[in-house]
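Coordinates from start.cif are shown below (mmCIF, C-alpha atoms (C1' of nucleotides)).
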```
data_final
loop_
_atom_site.label_atom_id
_atom_site.label_comp_id
_atom_site.auth_asym_id
_atom_site.auth_seq_id
_atom_site.Cartn_x
_atom_site.Cartn_y
_atom_site.Cartn_z
CA MET A 1 -9.33 -202.51 -140.67
CA SER A 2 -13.04 -202.60 -141.37
CA ASP A 3 -13.93 -199.47 -139.48
CA LEU A 4 -17.58 -198.62 -139.34
CA THR A 5 -19.20 -195.21 -139.21
CA ILE A 6 -21.88 -194.46 -136.69
CA GLY A 7 -24.40 -194.71 -139.51
CA ASP A 8 -23.24 -198.23 -140.39
CA VAL A 9 -23.41 -199.28 -136.78
CA ALA A 10 -26.85 -197.75 -136.41
CA ARG A 11 -28.14 -199.66 -139.42
CA GLU A 12 -26.64 -202.96 -138.32
CA SER A 13 -27.70 -202.71 -134.70
CA GLY A 14 -31.09 -201.14 -135.27
CA ILE A 15 -30.29 -198.34 -132.85
CA LYS A 16 -30.60 -194.71 -133.87
CA ILE A 17 -27.52 -192.58 -134.25
CA ASN A 18 -28.55 -190.20 -131.51
CA THR A 19 -29.20 -193.10 -129.18
CA ILE A 20 -25.77 -194.57 -129.84
CA ARG A 21 -24.18 -191.27 -128.86
CA PHE A 22 -26.44 -191.21 -125.82
CA TYR A 23 -25.27 -194.69 -124.81
CA GLU A 24 -21.68 -193.58 -125.24
CA ASP A 25 -22.40 -190.64 -122.97
CA ARG A 26 -23.90 -192.98 -120.39
CA GLY A 27 -20.89 -195.25 -120.48
CA LEU A 28 -22.65 -198.25 -122.02
CA LEU A 29 -20.48 -198.05 -125.10
CA PRO A 30 -16.80 -197.08 -124.90
CA ALA A 31 -15.89 -193.93 -126.79
CA PRO A 32 -14.43 -195.12 -130.09
CA PRO A 33 -11.40 -193.63 -131.81
CA ARG A 34 -12.02 -190.82 -134.27
CA SER A 35 -11.02 -190.24 -137.85
CA ALA A 36 -8.96 -187.24 -138.94
CA GLY A 37 -12.28 -185.48 -139.49
CA ASN A 38 -13.51 -186.27 -135.97
CA ARG A 39 -15.89 -189.04 -137.01
CA ARG A 40 -16.39 -192.00 -134.72
CA LEU A 41 -14.78 -195.18 -136.10
CA TYR A 42 -16.29 -198.35 -134.71
CA ASP A 43 -15.00 -201.84 -134.40
CA PRO A 44 -17.47 -204.53 -135.55
CA ALA A 45 -17.66 -205.64 -131.91
CA ALA A 46 -19.55 -202.44 -131.20
CA VAL A 47 -22.43 -203.80 -133.26
CA ALA A 48 -22.62 -206.90 -131.08
CA ARG A 49 -22.50 -204.78 -127.96
CA LEU A 50 -25.29 -202.56 -129.23
CA ARG A 51 -27.40 -205.58 -130.18
CA PHE A 52 -26.90 -206.86 -126.66
CA ILE A 53 -28.05 -203.51 -125.30
CA ARG A 54 -31.01 -203.37 -127.63
CA HIS A 55 -32.16 -206.83 -126.74
CA ALA A 56 -31.79 -206.15 -123.04
CA ARG A 57 -33.79 -202.93 -123.47
CA GLU A 58 -36.50 -204.86 -125.28
CA LEU A 59 -36.62 -207.18 -122.29
CA GLY A 60 -37.23 -204.17 -120.11
CA PHE A 61 -33.85 -203.88 -118.44
CA GLY A 62 -32.91 -200.37 -117.40
CA LEU A 63 -29.63 -198.84 -118.46
CA PRO A 64 -27.96 -199.33 -115.05
CA ALA A 65 -28.88 -203.03 -115.10
CA ILE A 66 -27.51 -203.31 -118.63
CA ALA A 67 -24.31 -201.65 -117.55
CA ASP A 68 -24.03 -204.31 -114.84
CA LEU A 69 -24.66 -207.06 -117.33
CA LEU A 70 -22.05 -205.68 -119.70
CA ARG A 71 -19.54 -205.49 -116.89
CA LEU A 72 -20.30 -209.11 -115.99
CA ALA A 73 -19.97 -210.13 -119.60
CA GLY A 74 -16.44 -208.81 -119.54
CA HIS A 75 -15.53 -211.30 -116.81
CA PRO A 76 -16.64 -214.71 -118.08
CA GLU A 77 -15.40 -216.43 -114.92
CA ALA A 78 -18.15 -216.94 -112.36
CA PRO A 79 -20.29 -213.90 -113.07
CA CYS A 80 -23.25 -216.13 -113.53
CA ALA A 81 -24.89 -215.83 -110.14
CA ALA A 82 -24.93 -212.06 -110.43
CA ALA A 83 -26.29 -212.09 -113.98
CA ASP A 84 -28.86 -214.63 -112.93
CA ALA A 85 -29.95 -212.43 -110.02
CA ILE A 86 -30.44 -209.51 -112.39
CA ALA A 87 -32.50 -211.68 -114.70
CA ARG A 88 -34.62 -212.97 -111.83
CA THR A 89 -35.28 -209.48 -110.55
CA GLN A 90 -36.33 -208.48 -114.03
CA LEU A 91 -38.55 -211.53 -114.29
CA ALA A 92 -40.32 -210.64 -111.05
CA GLU A 93 -40.93 -207.12 -112.30
CA VAL A 94 -42.26 -208.35 -115.62
CA GLU A 95 -44.62 -210.72 -113.85
CA ALA A 96 -45.89 -207.95 -111.62
CA ARG A 97 -46.51 -205.76 -114.66
CA ILE A 98 -48.40 -208.57 -116.36
CA ARG A 99 -50.61 -209.12 -113.31
CA SER A 100 -51.39 -205.43 -113.07
CA LEU A 101 -52.09 -205.09 -116.79
CA SER A 102 -54.37 -208.11 -116.71
CA ALA A 103 -56.52 -206.44 -114.08
CA LEU A 104 -56.62 -203.28 -116.15
CA ARG A 105 -57.58 -205.26 -119.21
CA ALA A 106 -60.53 -206.77 -117.40
CA GLU A 107 -61.75 -203.38 -116.38
CA LEU A 108 -61.27 -201.83 -119.79
CA GLN A 109 -63.08 -204.73 -121.39
CA ARG A 110 -65.99 -204.13 -119.09
CA MET A 111 -65.91 -200.45 -119.99
CA ALA A 112 -65.68 -201.08 -123.71
CA ASP A 113 -68.40 -203.71 -123.63
CA CYS A 114 -70.95 -201.57 -121.91
CA GLY A 115 -70.37 -198.78 -124.39
CA ALA A 116 -71.96 -200.86 -127.10
CA HIS A 117 -75.49 -200.24 -125.94
CA SER A 118 -76.83 -196.73 -125.81
CA ALA A 119 -75.47 -193.42 -124.70
CA ALA A 120 -77.59 -193.54 -121.58
CA ASP A 121 -76.08 -196.85 -120.58
CA CYS A 122 -72.50 -195.81 -121.04
CA ARG A 123 -70.46 -196.45 -117.98
CA VAL A 124 -67.01 -195.51 -119.19
CA LEU A 125 -66.99 -192.26 -117.32
CA GLU A 126 -68.76 -193.69 -114.30
CA SER A 127 -66.26 -196.51 -114.22
CA LEU A 128 -63.44 -194.05 -114.01
CA GLY A 129 -65.18 -191.92 -111.45
CA ASP A 130 -66.06 -194.71 -109.09
CA HIS A 131 -63.30 -197.05 -108.25
CA SER A 132 -65.64 -199.22 -106.25
CA LEU A 133 -66.94 -200.61 -109.53
CA CYS A 134 -63.58 -202.25 -110.04
CA ALA A 135 -63.42 -205.96 -109.51
CA GLY A 136 -59.67 -205.82 -110.03
CA PRO A 137 -57.17 -206.62 -107.26
CA HIS A 138 -55.00 -203.58 -107.94
CA GLU A 139 -56.11 -201.32 -105.15
CA SER A 140 -53.80 -200.26 -102.38
CA MET B 1 -68.94 -173.27 -97.79
CA SER B 2 -66.84 -176.33 -97.00
CA ASP B 3 -63.68 -175.18 -98.71
CA LEU B 4 -60.84 -177.64 -98.76
CA THR B 5 -57.13 -176.94 -98.71
CA ILE B 6 -54.85 -178.60 -101.17
CA GLY B 7 -53.70 -180.86 -98.35
CA ASP B 8 -57.25 -182.00 -97.66
CA VAL B 9 -57.82 -182.68 -101.31
CA ALA B 10 -54.54 -184.55 -101.57
CA ARG B 11 -55.45 -186.79 -98.65
CA GLU B 12 -58.93 -187.49 -99.92
CA SER B 13 -57.94 -188.12 -103.51
CA GLY B 14 -54.72 -189.96 -102.84
CA ILE B 15 -52.80 -187.62 -105.13
CA LYS B 16 -49.76 -185.74 -103.92
CA ILE B 17 -49.90 -182.00 -103.46
CA ASN B 18 -47.24 -181.37 -106.06
CA THR B 19 -49.04 -183.56 -108.52
CA ILE B 20 -52.29 -181.66 -107.98
CA ARG B 21 -50.54 -178.43 -108.80
CA PHE B 22 -48.99 -180.14 -111.79
CA TYR B 23 -52.44 -181.22 -113.01
CA GLU B 24 -53.69 -177.69 -112.56
CA ASP B 25 -50.78 -176.49 -114.67
CA ARG B 26 -51.67 -179.03 -117.35
CA GLY B 27 -55.28 -177.94 -117.39
CA LEU B 28 -56.73 -181.16 -116.00
CA LEU B 29 -58.00 -179.34 -112.95
CA PRO B 30 -59.38 -175.79 -113.12
CA ALA B 31 -57.48 -173.24 -111.09
CA PRO B 32 -59.44 -172.83 -107.85
CA PRO B 33 -60.10 -169.54 -106.09
CA ARG B 34 -57.58 -168.44 -103.49
CA SER B 35 -57.84 -167.37 -99.89
CA ALA B 36 -56.70 -163.98 -98.64
CA GLY B 37 -53.35 -165.63 -97.96
CA ASN B 38 -53.11 -167.02 -101.51
CA ARG B 39 -53.99 -170.60 -100.59
CA ARG B 40 -55.97 -172.69 -103.04
CA LEU B 41 -59.55 -173.30 -101.85
CA TYR B 42 -61.17 -176.35 -103.38
CA ASP B 43 -64.73 -177.35 -103.87
CA PRO B 44 -65.49 -180.96 -102.84
CA ALA B 45 -66.11 -181.70 -106.53
CA ALA B 46 -62.37 -181.33 -107.05
CA VAL B 47 -61.86 -184.51 -105.05
CA ALA B 48 -64.14 -186.44 -107.38
CA ARG B 49 -62.35 -185.03 -110.38
CA LEU B 50 -58.97 -185.99 -108.97
CA ARG B 51 -60.19 -189.49 -108.17
CA PHE B 52 -61.34 -189.78 -111.74
CA ILE B 53 -57.91 -188.68 -112.94
CA ARG B 54 -56.14 -191.03 -110.56
CA HIS B 55 -58.17 -194.00 -111.62
CA ALA B 56 -57.70 -193.23 -115.27
CA ARG B 57 -53.95 -192.93 -114.68
CA GLU B 58 -53.95 -196.31 -112.94
CA LEU B 59 -55.62 -197.71 -116.03
CA GLY B 60 -52.76 -196.39 -118.10
CA PHE B 61 -54.45 -193.44 -119.77
CA GLY B 62 -52.14 -190.59 -120.66
CA LEU B 63 -52.91 -187.07 -119.55
CA PRO B 64 -54.15 -185.94 -122.99
CA ALA B 65 -56.59 -188.86 -123.08
CA ILE B 66 -57.76 -188.01 -119.59
CA ALA B 67 -58.29 -184.41 -120.62
CA ASP B 68 -60.47 -185.72 -123.46
CA LEU B 69 -62.45 -187.89 -121.07
CA LEU B 70 -62.97 -185.01 -118.68
CA ARG B 71 -64.17 -182.84 -121.51
CA LEU B 72 -66.59 -185.58 -122.55
CA ALA B 73 -67.76 -185.97 -118.98
CA GLY B 74 -68.78 -182.34 -119.01
CA HIS B 75 -71.23 -183.05 -121.85
CA PRO B 76 -73.37 -185.97 -120.69
CA GLU B 77 -75.39 -185.94 -123.90
CA ALA B 78 -74.09 -188.41 -126.46
CA PRO B 79 -70.41 -188.33 -125.64
CA CYS B 80 -70.45 -192.04 -125.21
CA ALA B 81 -69.11 -193.13 -128.56
CA ALA B 82 -66.06 -190.96 -128.13
CA ALA B 83 -65.40 -192.12 -124.59
CA ASP B 84 -65.89 -195.66 -125.71
CA ALA B 85 -63.40 -195.19 -128.53
CA ILE B 86 -60.83 -193.91 -126.06
CA ALA B 87 -61.42 -196.91 -123.83
CA ARG B 88 -61.12 -199.31 -126.75
CA THR B 89 -57.89 -197.74 -127.90
CA GLN B 90 -56.56 -198.07 -124.40
CA LEU B 91 -57.68 -201.67 -124.25
CA ALA B 92 -55.85 -202.49 -127.46
CA GLU B 93 -52.70 -200.92 -126.11
CA VAL B 94 -52.95 -202.80 -122.85
CA GLU B 95 -53.45 -206.07 -124.71
CA ALA B 96 -50.41 -205.39 -126.87
CA ARG B 97 -48.36 -204.67 -123.77
CA ILE B 98 -49.51 -207.91 -122.18
CA ARG B 99 -48.61 -209.92 -125.27
CA SER B 100 -45.17 -208.38 -125.43
CA LEU B 101 -44.54 -208.84 -121.73
CA SER B 102 -45.62 -212.46 -121.90
CA ALA B 103 -42.98 -213.10 -124.53
CA LEU B 104 -40.41 -211.39 -122.37
CA ARG B 105 -41.45 -213.44 -119.39
CA ALA B 106 -40.91 -216.64 -121.31
CA GLU B 107 -37.45 -215.57 -122.27
CA LEU B 108 -36.51 -214.38 -118.82
CA GLN B 109 -37.81 -217.62 -117.34
CA ARG B 110 -35.58 -219.54 -119.69
CA MET B 111 -32.67 -217.33 -118.68
CA ALA B 112 -33.34 -217.65 -114.98
CA ASP B 113 -33.86 -221.39 -115.20
CA CYS B 114 -30.61 -222.14 -116.93
CA GLY B 115 -28.70 -220.11 -114.39
CA ALA B 116 -29.49 -222.73 -111.79
CA HIS B 117 -26.86 -225.14 -113.07
CA SER B 118 -23.25 -224.09 -113.09
CA ALA B 119 -21.41 -220.98 -114.09
CA ALA B 120 -20.21 -222.62 -117.26
CA ASP B 121 -23.77 -223.33 -118.32
CA CYS B 122 -25.07 -219.84 -117.74
CA ARG B 123 -26.77 -218.45 -120.78
CA VAL B 124 -28.08 -215.16 -119.48
CA LEU B 125 -25.46 -213.15 -121.27
CA GLU B 126 -25.54 -215.34 -124.37
CA SER B 127 -29.29 -214.97 -124.43
CA LEU B 128 -29.00 -211.25 -124.51
CA GLY B 129 -26.24 -211.26 -127.06
CA ASP B 130 -27.93 -213.55 -129.53
CA HIS B 131 -31.50 -212.76 -130.28
CA SER B 132 -31.80 -215.89 -132.41
CA LEU B 133 -32.03 -217.88 -129.18
CA CYS B 134 -35.39 -216.29 -128.56
CA ALA B 135 -38.38 -218.46 -129.05
CA GLY B 136 -40.60 -215.45 -128.57
CA PRO B 137 -42.73 -213.90 -131.31
CA HIS B 138 -41.59 -210.36 -130.66
CA GLU B 139 -39.01 -209.92 -133.39
CA SER B 140 -39.43 -207.43 -136.17
"C1'" DG C 1 -47.29 -160.53 -78.65
"C1'" DC C 2 -44.13 -164.02 -79.82
"C1'" DT C 3 -42.49 -168.37 -80.92
"C1'" DT C 4 -43.06 -173.00 -82.62
"C1'" DG C 5 -44.41 -176.04 -86.01
"C1'" DC C 6 -47.12 -177.08 -89.66
"C1'" DT C 7 -48.96 -176.13 -94.21
"C1'" DC C 8 -48.71 -173.85 -98.27
"C1'" DC C 9 -46.66 -170.75 -101.97
"C1'" DT C 10 -43.66 -170.34 -106.41
"C1'" DC C 11 -40.04 -171.64 -109.06
"C1'" DG C 12 -36.60 -174.48 -110.84
"C1'" DA C 13 -34.10 -178.72 -111.38
"C1'" DG C 14 -33.97 -183.74 -111.78
"C1'" DT C 15 -35.66 -188.43 -113.29
"C1'" DG C 16 -35.21 -192.18 -117.54
"C1'" DA C 17 -34.47 -193.05 -121.98
"C1'" DC C 18 -34.42 -191.17 -125.44
"C1'" DT C 19 -35.81 -187.83 -129.74
"C1'" DG C 20 -35.34 -184.06 -132.67
"C1'" DG C 21 -33.37 -179.81 -134.35
"C1'" DA C 22 -29.87 -176.02 -135.30
"C1'" DG C 23 -25.85 -174.83 -137.19
"C1'" DA C 24 -21.30 -176.22 -138.45
"C1'" DT C 25 -18.16 -179.36 -140.68
"C1'" DG C 26 -16.55 -183.66 -143.17
"C1'" DT C 27 -16.95 -186.75 -147.18
"C1'" DT C 28 -18.36 -188.47 -151.61
"C1'" DA C 29 -20.10 -188.38 -156.36
"C1'" DC C 30 -20.44 -186.15 -160.43
"C1'" DG D 1 -16.18 -177.10 -157.88
"C1'" DT D 2 -20.32 -178.04 -156.09
"C1'" DA D 3 -24.26 -180.50 -154.54
"C1'" DA D 4 -25.91 -183.86 -151.52
"C1'" DC D 5 -25.42 -186.37 -147.78
"C1'" DA D 6 -23.35 -187.90 -143.27
"C1'" DT D 7 -21.72 -186.59 -139.16
"C1'" DC D 8 -20.30 -183.39 -135.44
"C1'" DT D 9 -21.65 -180.86 -130.86
"C1'" DC D 10 -24.86 -178.91 -128.10
"C1'" DC D 11 -29.35 -177.88 -126.48
"C1'" DA D 12 -34.33 -178.31 -125.86
"C1'" DG D 13 -38.26 -181.16 -125.51
"C1'" DT D 14 -40.95 -185.42 -124.24
"C1'" DC D 15 -43.97 -187.74 -120.17
"C1'" DA D 16 -45.60 -187.67 -115.69
"C1'" DC D 17 -44.22 -186.55 -112.19
"C1'" DT D 18 -40.90 -185.73 -107.77
"C1'" DC D 19 -38.16 -183.14 -104.81
"C1'" DG D 20 -36.04 -179.22 -102.71
"C1'" DA D 21 -35.06 -174.26 -101.72
"C1'" DG D 22 -36.53 -170.27 -99.84
"C1'" DG D 23 -40.25 -167.72 -98.34
"C1'" DA D 24 -44.91 -166.79 -96.27
"C1'" DG D 25 -49.55 -167.92 -94.01
"C1'" DC D 26 -51.73 -169.75 -89.98
"C1'" DA D 27 -53.20 -171.96 -85.44
"C1'" DA D 28 -51.93 -172.95 -80.77
"C1'" DG D 29 -49.39 -172.42 -76.57
"C1'" DC D 30 -47.00 -169.47 -73.34
#
```

Rewritten as C-alpha cells:
Amino acid sequence: MSDLTIGDVARESGIKINTIRFYEDRGLLPAPPRSAGNRRLYDPAAVARLRFIRHARELGFGLPAIADLLRLAGHPEAPCAAADAIARTQLAEVEARIRSLSALRAELQRMADCGAHSAADCRVLESLGDHSLCAGPHES
Amino acid sequence: MSDLTIGDVARESGIKINTIRFYEDRGLLPAPPRSAGNRRLYDPAAVARLRFIRHARELGFGLPAIADLLRLAGHPEAPCAAADAIARTQLAEVEARIRSLSALRAELQRMADCGAHSAADCRVLESLGDHSLCAGPHES
DNA sequence: GCTTGCTCCTCGAGTGACTGGAGATGTTAC
DNA sequence: GTAACATCTCCAGTCACTCGAGGAGCAAGC
C-alpha cells in the first residue's frame, strides 16, 4: 500500500518527472493506476525499473534496445543469449566511438598546442580548413 | 566565372545538398546569388568553407562553435586566442567523453564476458538493474 | 518542338531523447 | 479559506540533420 507519486519516483530514480511520463508514452514503463484526482500511483518496483532504464541509458543503450532488455528481463528463462548479443553490439559501438574520439583528441591537442605560440603561428583555423593536416585514421 | 551548382558543391565538399541548404538557413554559409531559373550559384570558395564546416563537425564542434570559428577566420588579425579557446574547450569535452566511454566499455566487457557461460550465470540484466555492481568511476 | 530524365526549388514533417512552459487542477499546511 | 506546491495534459523547442512531396528548370535526343 506504499503508493508513490511521480515526484517520489523521480527523486528515487534520479529521472525527471517529464522524462518518466515520456518513458510511459514510449512503452518503457507501464501506465500506472491513478488516484481519484488522476495522479499516477506507482508501485516501488517502478523505481527499480526506472533505475534499470537510467543505467542502461548511461551505458549508451537506445530506448528500443532498452525495451528489448526489459522484455527479456520479464522472461528469466534463457533470455541470456539475446541480452548478451545486445550488450556485445553496444560494446562494439562504444569501442568504435572511443577509437574515433581518440583520433579527434590527437588532432585537437595538436591544434591547442600550436595556439600557444603567437597569433601568426596559429593553425587552428588552418587545421580545420585542410583535412590533409590530419594524421588521424578517421577519413572515409 | 566558374559558378558551381549546389550539386557540384555537394560532391566536392562531401556534404549533402539538403545539409548545405540547412547550413545556409543557419547562417553558416552566406546565401549565394541565383541564376535566372532560381538555382544557387556558388563561388569555389564555398567549397572550402563547407570543407571547413565538415571537418569541424567531424571533430565534434557544434554549429554555434563553428559559426564562431568562421567569424574568427574572417578576421585573420589576432583571433587566435579565441579560436584556441574554442579548440581547448572542445578538447576538454572530447577527453571527458573518452573517460566516460572507457568506463562504459569496462562494464560492457564484464557484461559480455559473463554471458559466455550459461543462462543461469548471465548478469547482463542484473548489471543493469544494480548499479552497485559497477566498478566504474562514473557514478554521481 | 517535344519528351525524357536529371537536377534543383521550397516547404514541411520526422528522427531521438528528452526539456521546458502554459494553463488547469489536485493536495496539503496553516 | 487560502496559499503554496505538486501534478495533470498538451504543445513547442532542442540539435543536426534527413527525407519526401510536388513543382519547375535544363540539356540532350528524336

Quiz prompt | Distance-based interface of chain D with chain B, 12 Å, counting only C-alpha atoms (C1' of nucleotides), as a count of residues only | solution = 9

Practice problem: Please provide as number ranges by chain all residues within 12 Å of D:DG22, with the sequence filter that same-chain residues fewer than 3 positions apart are discarded (counting only C-alpha atoms (C1' of nucleotides)). | Solution: C: 9-12

Exercise. Could you list the residues chosen by the PyMOL selection byres ((chain D and resi 11) around 12) in this structure as a ChimeraX atom specification?
Key: /C:20-23 /D:9-10,12-13

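Residues matching the PyMOL selection byres ((chain B and resi 86) around 9) in this structure come to A:Ala112, B:Phe61, B:Ala65, B:Asp68, B:Leu69, B:Ala81, B:Ala82, B:Ala83, B:Asp84, B:Ala85, B:Ala87, B:Arg88, B:Thr89, B:Gln90, B:Leu91.
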
Spatial neighbours of B:Ser35, max dist 10 Å, all atoms listed in the file, sep filter under 6 positions, as an mmCIF file with C-alpha atoms, keeping the file's coordinate frame:
```cif
data_model
loop_
_atom_site.group_PDB
_atom_site.id
_atom_site.type_symbol
_atom_site.label_atom_id
_atom_site.label_comp_id
_atom_site.auth_asym_id
_atom_site.auth_seq_id
_atom_site.Cartn_x
_atom_site.Cartn_y
_atom_site.Cartn_z
ATOM 1 C CA ASP B 3 -63.680 -175.180 -98.710
ATOM 2 C CA THR B 5 -57.130 -176.940 -98.710
ATOM 3 C CA LEU B 41 -59.550 -173.300 -101.850
#
```

Residue list for chain C near chain A as a compact mmCIF listing (two decimals) with C-alpha atoms (C1' of nucleotides), in the frame of the given file, 10 Å, only C-alpha atoms (C1' of nucleotides):
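out02.txt, freshly written:
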```txt
# COMPACT_ATOMS: atom_id res chain seq x y z
C1' DG C 16 -35.21 -192.18 -117.54
C1' DA C 17 -34.47 -193.05 -121.98
C1' DC C 18 -34.42 -191.17 -125.44
C1' DT C 19 -35.81 -187.83 -129.74
C1' DG C 20 -35.34 -184.06 -132.67
C1' DT C 25 -18.16 -179.36 -140.68
C1' DG C 26 -16.55 -183.66 -143.17
C1' DT C 27 -16.95 -186.75 -147.18
```

Quiz item: Rounded to one decimal in Å, what is the spacing between atom CA of A:Arg21 and atom CA of A:Ile6?
Solution: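 Pair atom CA of A:Arg21 / atom CA of A:Ile6 returns 8.8 Å.
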
Quiz item: With all atoms listed in the file as the basis for distance, which of B:Asp43, B:Glu12, B:Glu58, B:Asp25 is at the shortest distance from chain A?
Solution: B:Glu58

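Each of B:Val47, B:Ala67, B:Ala56, B:Leu29 was checked against chain A using all atoms listed in the file; the smallest atom-to-atom distance is that of B:Ala56.
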
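The space between atom CA of B:His55 and atom CA of B:Glu24 spans 16.9 Å.
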
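Checking B:Arg99, B:Phe52, B:Leu28, B:Arg11 one by one against chain A, counting all atoms listed in the file, you find the shortest gap at B:Phe52.
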
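Between atom CA of B:Arg40 and atom C1' of D:DA28 there is a distance of 22.6 Å.
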
Quiz item: Of the candidates B:Leu59, B:Ile53, B:Val9, B:Ala46, which shows the shortest atom-to-atom distance to A:Leu101, using all atoms listed in the file?
Solution: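 Going through B:Leu59, B:Ile53, B:Val9, B:Ala46 one by one, the smallest distance to A:Leu101 is for B:Leu59.
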
Quiz item: When the PyMOL selection byres ((chain D and resi 29) around 10) is applied to the file above, which residues end up in the set, as a list of chain:residue names?
Solution: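 For this structure, the PyMOL selection byres ((chain D and resi 29) around 10) resolves to C:DT3, C:DT4, D:DA27, D:DA28, D:DC30.
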